[in-house]
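Reproduced below: structure-v6.txt, with compact mmCIF, C-alpha atoms.
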```
# COMPACT_ATOMS: atom_id res chain seq x y z
CA MET A 1309 9.52 5.04 -6.12
CA ASN A 1310 10.27 6.40 -9.60
CA LEU A 1311 12.70 9.25 -8.86
CA LEU A 1312 12.28 10.85 -12.29
CA LYS A 1313 8.52 10.98 -11.77
CA LEU A 1314 9.04 12.19 -8.20
CA LYS A 1315 11.13 15.14 -9.39
CA GLN A 1316 8.61 15.96 -12.11
CA GLN A 1317 5.64 15.92 -9.73
CA LEU A 1318 7.44 17.87 -7.02
CA THR A 1319 8.32 20.48 -9.64
CA GLU A 1320 4.63 20.76 -10.58
CA PHE A 1321 3.60 21.06 -6.93
CA PHE A 1322 6.19 23.77 -6.25
CA ASN A 1323 5.15 25.69 -9.36
CA GLU A 1324 1.52 25.59 -8.22
CA ASP A 1325 2.44 27.02 -4.81
CA ILE A 1326 5.25 29.46 -5.65
CA GLY A 1327 4.03 30.73 -9.01
CA ASP A 1328 6.42 33.39 -10.32
CA THR A 1329 7.99 34.09 -6.93
CA ASP A 1330 7.69 33.61 -3.18
CA LEU A 1331 6.96 37.25 -2.35
CA SER A 1332 7.35 36.96 1.42
CA SER A 1333 10.73 35.19 1.39
CA GLU A 1334 12.30 37.15 -1.49
CA LEU A 1335 11.31 40.54 -0.06
CA LEU A 1336 12.59 39.72 3.41
CA PHE A 1337 15.78 37.74 2.79
CA ASP A 1338 18.90 38.06 0.70
CA GLU A 1339 19.53 35.14 -1.65
CA LYS A 1340 22.79 34.33 0.15
CA GLN A 1341 21.32 34.13 3.63
CA ARG A 1342 21.19 30.61 5.02
CA GLY A 1343 18.94 28.92 7.52
CA GLU A 1344 18.10 25.69 9.25
CA PHE A 1345 14.86 23.74 8.90
CA SER A 1346 14.03 21.35 11.77
CA LEU A 1347 11.11 18.97 11.40
CA TYR A 1348 9.44 17.46 14.47
CA ALA A 1349 6.69 14.90 15.01
CA LYS A 1350 3.61 16.11 16.88
CA GLU A 1351 1.93 12.69 16.85
CA ASP A 1352 3.02 9.08 17.18
CA GLY A 1353 3.12 7.08 13.95
CA ILE A 1354 5.20 5.66 11.11
CA PHE A 1355 7.34 8.13 9.17
CA CYS A 1356 7.26 8.13 5.37
CA GLY A 1357 8.78 10.63 2.97
CA GLU A 1358 12.57 10.78 3.26
CA LYS A 1359 12.98 11.18 -0.52
CA ILE A 1360 10.50 14.06 -0.49
CA ILE A 1361 12.77 15.92 1.92
CA GLN A 1362 16.04 14.96 0.23
CA ILE A 1363 14.98 15.81 -3.31
CA GLY A 1364 12.37 18.49 -2.67
CA PHE A 1365 14.62 21.20 -1.29
CA GLN A 1366 17.36 20.42 -3.84
CA LEU A 1367 14.96 21.18 -6.71
CA LEU A 1368 14.50 24.74 -5.49
CA THR A 1369 18.08 25.98 -5.46
CA ASP A 1370 21.49 25.86 -7.09
CA GLU A 1371 23.04 26.32 -3.66
CA SER A 1372 24.15 23.47 -1.42
CA ILE A 1373 21.56 21.77 0.76
CA GLN A 1374 22.74 19.68 3.70
CA VAL A 1375 20.39 17.12 5.23
CA HIS A 1376 21.20 15.96 8.75
CA GLU A 1377 19.60 13.40 11.08
CA LEU A 1378 16.98 12.36 8.53
CA ILE A 1379 15.24 9.23 9.76
CA GLN A 1380 14.42 6.43 7.36
CA ASP A 1381 11.03 5.54 5.94
CA GLY A 1382 9.23 3.03 8.14
CA THR A 1383 10.70 4.38 11.38
CA VAL A 1384 8.33 4.51 14.36
CA ILE A 1385 8.13 8.12 15.57
CA GLN A 1386 6.77 9.60 18.77
CA LYS A 1387 5.52 13.06 19.57
CA GLY A 1388 8.49 15.40 19.93
CA ASP A 1389 10.95 13.32 17.89
CA LEU A 1390 13.29 15.14 15.50
CA ILE A 1391 12.64 13.81 12.00
CA ALA A 1392 15.15 15.86 10.02
CA ARG A 1393 17.35 18.92 10.06
CA ILE A 1394 18.17 20.65 6.78
CA GLU A 1395 20.59 23.55 6.18
CA GLY A 1396 20.47 25.74 3.08
CA PRO A 1397 19.32 29.08 1.62
CA ILE A 1398 16.58 30.49 3.86
CA ARG A 1399 14.48 31.39 0.82
CA THR A 1400 14.56 27.76 -0.34
CA LEU A 1401 13.63 26.39 3.07
CA LEU A 1402 10.67 28.73 3.45
CA SER A 1403 9.45 28.30 -0.15
CA GLY A 1404 9.50 24.49 0.02
CA GLU A 1405 8.21 24.05 3.55
CA ARG A 1406 4.47 23.76 2.92
CA VAL A 1407 4.54 21.42 -0.09
CA ILE A 1408 7.00 19.09 1.61
CA LEU A 1409 5.11 19.09 4.90
CA ASN A 1410 1.78 18.41 3.21
CA LEU A 1411 3.18 15.39 1.38
CA ILE A 1412 5.08 13.75 4.22
CA GLN A 1413 2.24 14.30 6.70
CA ARG A 1414 -0.20 12.54 4.38
CA MET A 1415 2.20 9.76 3.46
CA SER A 1416 3.09 9.14 7.11
CA ALA A 1417 -0.60 8.95 8.02
CA ILE A 1418 -1.16 6.32 5.31
CA SER A 1419 1.84 4.29 6.49
CA THR A 1420 0.59 4.52 10.07
CA LYS A 1421 -2.92 3.35 9.21
CA THR A 1422 -1.57 0.56 7.02
CA ALA A 1423 0.66 -0.65 9.86
CA LEU A 1424 -2.40 -0.82 12.14
CA ALA A 1425 -4.26 -2.87 9.54
CA VAL A 1426 -1.30 -5.23 9.09
CA ALA A 1427 -1.06 -5.67 12.87
CA ALA A 1428 -4.73 -6.66 12.95
CA THR A 1429 -4.02 -9.59 10.61
CA THR A 1430 -1.15 -11.06 12.66
CA ASN A 1431 -0.95 -14.86 12.69
CA SER A 1432 -2.79 -15.21 9.38
CA ARG A 1433 -1.58 -15.54 5.78
CA THR A 1434 -3.78 -12.64 4.71
CA ARG A 1435 -2.10 -9.59 3.22
CA ILE A 1436 -3.41 -6.03 3.35
CA CYS A 1437 -3.56 -4.10 0.08
CA ASP A 1438 -4.77 -0.75 -1.18
CA THR A 1439 -7.20 0.19 -3.96
CA ARG A 1440 -7.49 2.83 -6.70
CA LYS A 1441 -9.28 5.13 -4.24
CA THR A 1442 -6.32 7.47 -4.16
CA THR A 1443 -5.99 11.24 -4.48
CA PRO A 1444 -5.63 12.27 -8.16
CA GLY A 1445 -2.00 13.21 -8.75
CA LEU A 1446 -0.79 11.53 -5.56
CA ARG A 1447 -1.21 7.83 -6.39
CA MET A 1448 2.52 7.07 -6.57
CA PHE A 1449 3.09 8.74 -3.20
CA GLU A 1450 0.12 7.09 -1.50
CA LYS A 1451 0.80 3.60 -2.80
CA TYR A 1452 4.43 3.93 -1.77
CA ALA A 1453 3.28 4.88 1.73
CA VAL A 1454 1.13 1.74 1.87
CA ARG A 1455 4.23 -0.38 1.16
CA ILE A 1456 6.21 1.43 3.84
CA GLY A 1457 3.42 0.59 6.30
CA GLY A 1458 3.77 -3.11 5.51
CA GLY A 1459 0.91 -3.39 3.03
CA PHE A 1460 0.85 -4.40 -0.63
CA ASN A 1461 -0.30 -2.60 -3.75
CA HIS A 1462 -3.31 -3.62 -5.81
CA ARG A 1463 -3.20 -2.62 -9.48
CA SER A 1464 -1.61 0.75 -10.12
CA GLY A 1465 -4.31 1.80 -12.57
CA LEU A 1466 -6.64 0.59 -15.27
CA TYR A 1467 -3.69 -0.49 -17.40
CA ASP A 1468 -1.92 -3.24 -15.44
CA CYS A 1469 -4.68 -5.72 -14.60
CA VAL A 1470 -8.07 -6.61 -16.08
CA MET A 1471 -10.70 -6.21 -13.38
CA LEU A 1472 -14.24 -7.10 -14.42
CA LYS A 1473 -16.95 -5.64 -12.18
CA ASP A 1474 -20.73 -5.68 -12.33
CA ASN A 1475 -21.02 -3.04 -15.07
CA HIS A 1476 -18.51 -4.83 -17.31
CA ILE A 1477 -20.29 -8.15 -16.78
CA GLU A 1478 -23.74 -6.70 -17.42
CA PHE A 1479 -22.56 -5.10 -20.66
CA ALA A 1480 -20.90 -8.32 -21.84
CA GLY A 1481 -23.90 -10.48 -20.95
CA SER A 1482 -22.28 -12.78 -18.38
CA ILE A 1483 -19.03 -13.49 -16.56
CA SER A 1484 -18.14 -16.24 -19.01
CA LYS A 1485 -18.69 -14.04 -22.04
CA ALA A 1486 -16.71 -11.17 -20.53
CA VAL A 1487 -13.75 -13.35 -19.54
CA ASN A 1488 -13.66 -15.25 -22.85
CA HIS A 1489 -13.83 -12.03 -24.84
CA VAL A 1490 -10.95 -10.53 -22.86
CA LYS A 1491 -8.82 -13.67 -23.15
CA GLN A 1492 -9.02 -13.55 -26.94
CA LYS A 1493 -7.24 -10.18 -26.93
CA LEU A 1494 -5.16 -10.15 -23.74
CA GLY A 1495 -1.45 -10.84 -23.58
CA HIS A 1496 -0.27 -13.78 -21.50
CA THR A 1497 1.49 -11.67 -18.83
CA THR A 1498 -1.61 -9.80 -17.59
CA LYS A 1499 -4.01 -11.27 -15.04
CA ILE A 1500 -7.80 -11.23 -14.96
CA GLU A 1501 -9.75 -10.52 -11.78
CA VAL A 1502 -13.53 -10.84 -11.50
CA GLU A 1503 -15.75 -9.37 -8.79
CA VAL A 1504 -18.43 -11.75 -7.50
CA GLU A 1505 -21.28 -11.22 -5.06
CA THR A 1506 -23.24 -14.49 -5.33
CA LYS A 1507 -22.36 -18.16 -5.19
CA GLU A 1508 -23.59 -18.59 -8.77
CA GLN A 1509 -21.22 -15.87 -9.97
CA LEU A 1510 -18.40 -17.48 -8.01
CA ILE A 1511 -18.86 -20.84 -9.71
CA GLU A 1512 -19.16 -19.25 -13.14
CA ALA A 1513 -15.94 -17.28 -12.62
CA ILE A 1514 -14.08 -20.39 -11.45
CA GLU A 1515 -15.25 -22.30 -14.53
CA ALA A 1516 -14.07 -19.38 -16.70
CA SER A 1517 -10.54 -19.91 -15.28
CA VAL A 1518 -9.94 -16.43 -13.90
CA ASP A 1519 -6.69 -15.59 -12.12
CA LEU A 1520 -8.15 -13.67 -9.19
CA LEU A 1521 -11.52 -13.52 -7.44
CA LEU A 1522 -12.76 -10.44 -5.59
CA LEU A 1523 -15.31 -11.53 -2.97
CA ASP A 1524 -17.20 -8.28 -2.57
CA ASN A 1525 -19.38 -7.29 0.38
CA ARG A 1526 -19.43 -10.80 1.86
CA THR A 1527 -19.46 -11.75 5.53
CA PRO A 1528 -16.53 -13.70 7.02
CA ALA A 1529 -18.77 -16.77 7.26
CA GLU A 1530 -19.67 -16.52 3.56
CA ILE A 1531 -16.03 -16.07 2.56
CA GLU A 1532 -14.94 -19.04 4.63
CA SER A 1533 -17.60 -21.19 2.96
CA TRP A 1534 -16.76 -19.97 -0.55
CA LEU A 1535 -13.02 -20.57 -0.12
CA THR A 1536 -13.66 -24.31 0.07
CA LEU A 1537 -14.94 -24.13 -3.53
CA ILE A 1538 -12.05 -22.13 -4.98
CA PRO A 1539 -9.05 -23.98 -6.49
CA PRO A 1540 -5.76 -23.14 -4.72
CA HIS A 1541 -4.21 -21.56 -7.85
CA ILE A 1542 -6.81 -18.75 -7.88
CA ILE A 1543 -5.86 -15.75 -5.74
CA THR A 1544 -8.68 -14.52 -3.48
CA GLU A 1545 -9.42 -11.01 -2.29
CA ALA A 1546 -12.05 -9.70 0.13
CA SER A 1547 -13.34 -6.14 -0.01
CA GLY A 1548 -16.28 -3.95 0.93
CA GLY A 1549 -17.12 -2.44 4.30
CA ILE A 1550 -14.18 -4.01 6.14
CA THR A 1551 -12.83 -1.93 9.05
CA LEU A 1552 -9.91 -2.19 11.46
CA ASP A 1553 -12.33 -3.64 14.02
CA THR A 1554 -13.57 -6.41 11.71
CA LEU A 1555 -10.21 -7.15 10.07
CA PRO A 1556 -9.19 -9.98 12.44
CA GLU A 1557 -12.40 -11.88 11.69
CA TYR A 1558 -11.89 -11.54 7.93
CA ALA A 1559 -8.21 -12.47 8.17
CA ALA A 1560 -9.15 -15.61 10.09
CA THR A 1561 -10.82 -16.92 6.93
CA GLU A 1562 -7.33 -17.15 5.33
CA VAL A 1563 -8.38 -15.17 2.25
CA HIS A 1564 -5.22 -14.16 0.40
CA TYR A 1565 -5.79 -10.39 0.36
CA ILE A 1566 -8.03 -7.81 2.00
CA SER A 1567 -8.24 -4.55 0.07
CA LEU A 1568 -9.02 -1.38 2.02
CA GLY A 1569 -9.91 1.87 0.28
CA ALA A 1570 -9.79 3.59 3.68
CA LEU A 1571 -5.99 3.32 3.69
CA THR A 1572 -5.89 6.24 1.25
CA HIS A 1573 -9.32 7.83 0.79
CA SER A 1574 -10.12 8.92 4.37
CA ILE A 1575 -6.82 9.86 5.95
CA HIS A 1576 -6.17 12.49 8.62
CA SER A 1577 -2.63 13.77 8.09
CA LEU A 1578 -0.10 12.91 10.79
CA ASP A 1579 0.70 16.17 12.55
CA MET A 1580 4.24 17.56 12.21
CA SER A 1581 5.78 20.97 12.80
CA ALA A 1582 8.65 22.80 11.11
CA LEU A 1583 10.95 25.32 12.77
CA VAL A 1584 12.99 27.49 10.39
CA GLN A 1585 15.84 29.55 11.83
CA LEU A 1586 18.11 32.10 10.15
CA LYS A 1587 21.81 31.17 10.29
CA GLY A 1588 23.34 34.30 8.77
CA VAL A 1589 25.23 34.84 5.51
```

In structure tokens, write the structure found in this file.
Amino acid sequence: MNLLKLKQQLTEFFNEDIGDTDLSSELLFDEKQRGEFSLYAKEDGIFCGEKIIQIGFQLLTDESIQVHELIQDGTVIQKGDLIARIEGPIRTLLSGERVILNLIQRMSAISTKTALAVAATTNSRTRICDTRKTTPGLRMFEKYAVRIGGGFNHRSGLYDCVMLKDNHIEFAGSISKAVNHVKQKLGHTTKIEVEVETKEQLIEAIEASVDLLLLDNRTPAEIESWLTLIPPHIITEASGGITLDTLPEYAATEVHYISLGALTHSIHSLDMSALVQLKGV
């Protein structure tokens, strides 16, 4: 995770929540009063977000912050487990609590769901990856959480891989025309992926020498049949309507990757609770 970007985004999130001041905390507590923040799991899952805790509270104060018993990203947690204990100015702990909780609950939920998807593909070469169906502003956090859960990242955005879908192809006139046009302008370090939904499109994309093939909305039987036509140097990806229940059947085809938008776009945050106690001056 890019720590400079992390600090910048956390600063923006805190500014959104705190505004000019945290009225409740500043009216109730002296700036020198210290407290203890204890974070507990209320559900089983995979924890993700140690850097959020370590860096988040530090951004809010010039005073010392001490982090104790912080578990590492990727740790399996059970209901009731202590995740972290932080000591510092009580104002800081109360002001940062909600933003930090919101982030680590969401990230932990994504890691947990990713781990379930990875477990469903055991004994196959297939890897689980995410998509661009992330929350605006949270892509770095959510894609990091996928990695912590044992998954892999698809492209980070529109800038790091050419991905030609139906609208691109229709505008260009054909897969061949689209790929050839891109290749005339594209640098040699960037890959080209093409989405195909018919056997005719598949063959045309192979003949156009693409780097990756997205087999979209195909059944496991169709994918298994199509894979026999694809040269081994072309990376294959399956996507579209695949669930945790159907994952084993898709993974059995030995497609290289299965991309799941559900890892990030339909997540129920992993429940956690925070107890903040005053420690005195």

| message | Just want the 7 Å neighbourhood of segment 1378-1392 of chain A, counted on only C-alpha atoms, with same-chain residues fewer than 4 positions away dropped. Output as a ChimeraX atom specification. | response | /A:1346-1358,1456-1457

| task | Name the residues in contact with Pro1444 of chain A at a cut-off of 12 Å, using all atoms listed in the file, excluding same-chain residues fewer than 3 positions from it; report them as a ChimeraX atom specification. | result | /A:1317,1440-1441,1447-1450,1465,1572-1573

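Distance check against Leu1571 of chain A using all atoms listed in the file: of A:Glu1515, A:Asp1438, A:Glu1503, A:Asp1328, the minimum falls on A:Asp1438.
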
| request: Identify, on the basis of only C-alpha atoms, every residue whose closest approach to Gly1459 of chain A does not exceed 7 Å; exclude the query and any residue fewer than 6 positions from it along the same chain; express the result as an MDAnalysis selection string. | output: chainID A and resid 1422 1426 1435:1437

| query | Once you count only C-alpha atoms, which residues end up no further than 12 Å from (-3.8, -0.2, 13.7) in the file's frame, shown as a PyMOL selection string? | reply | chain A and resi 1353-1354+1417-1430+1436+1457-1458+1551-1556+1571

Test item: axis-aligned box, all listed atoms of segment 1474-1492 of chain A, 8 Å on each side, centre and edges in Å rounded to one decimal, as JSON:
```
{"center_x": -16.4, "center_y": -9.6, "center_z": -19.6, "size_x": 31.1, "size_y": 29.2, "size_z": 30.6}
```

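Shortest atom-to-atom contact with Asn1461 of chain A among A:Gln1316, A:Asn1475, A:Thr1439, A:Gln1362: A:Thr1439, counting all atoms listed in the file.
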
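Separating atom CA of Glu1545 of chain A from atom CA of Leu1411 of chain A is a distance of 29.5 Å.
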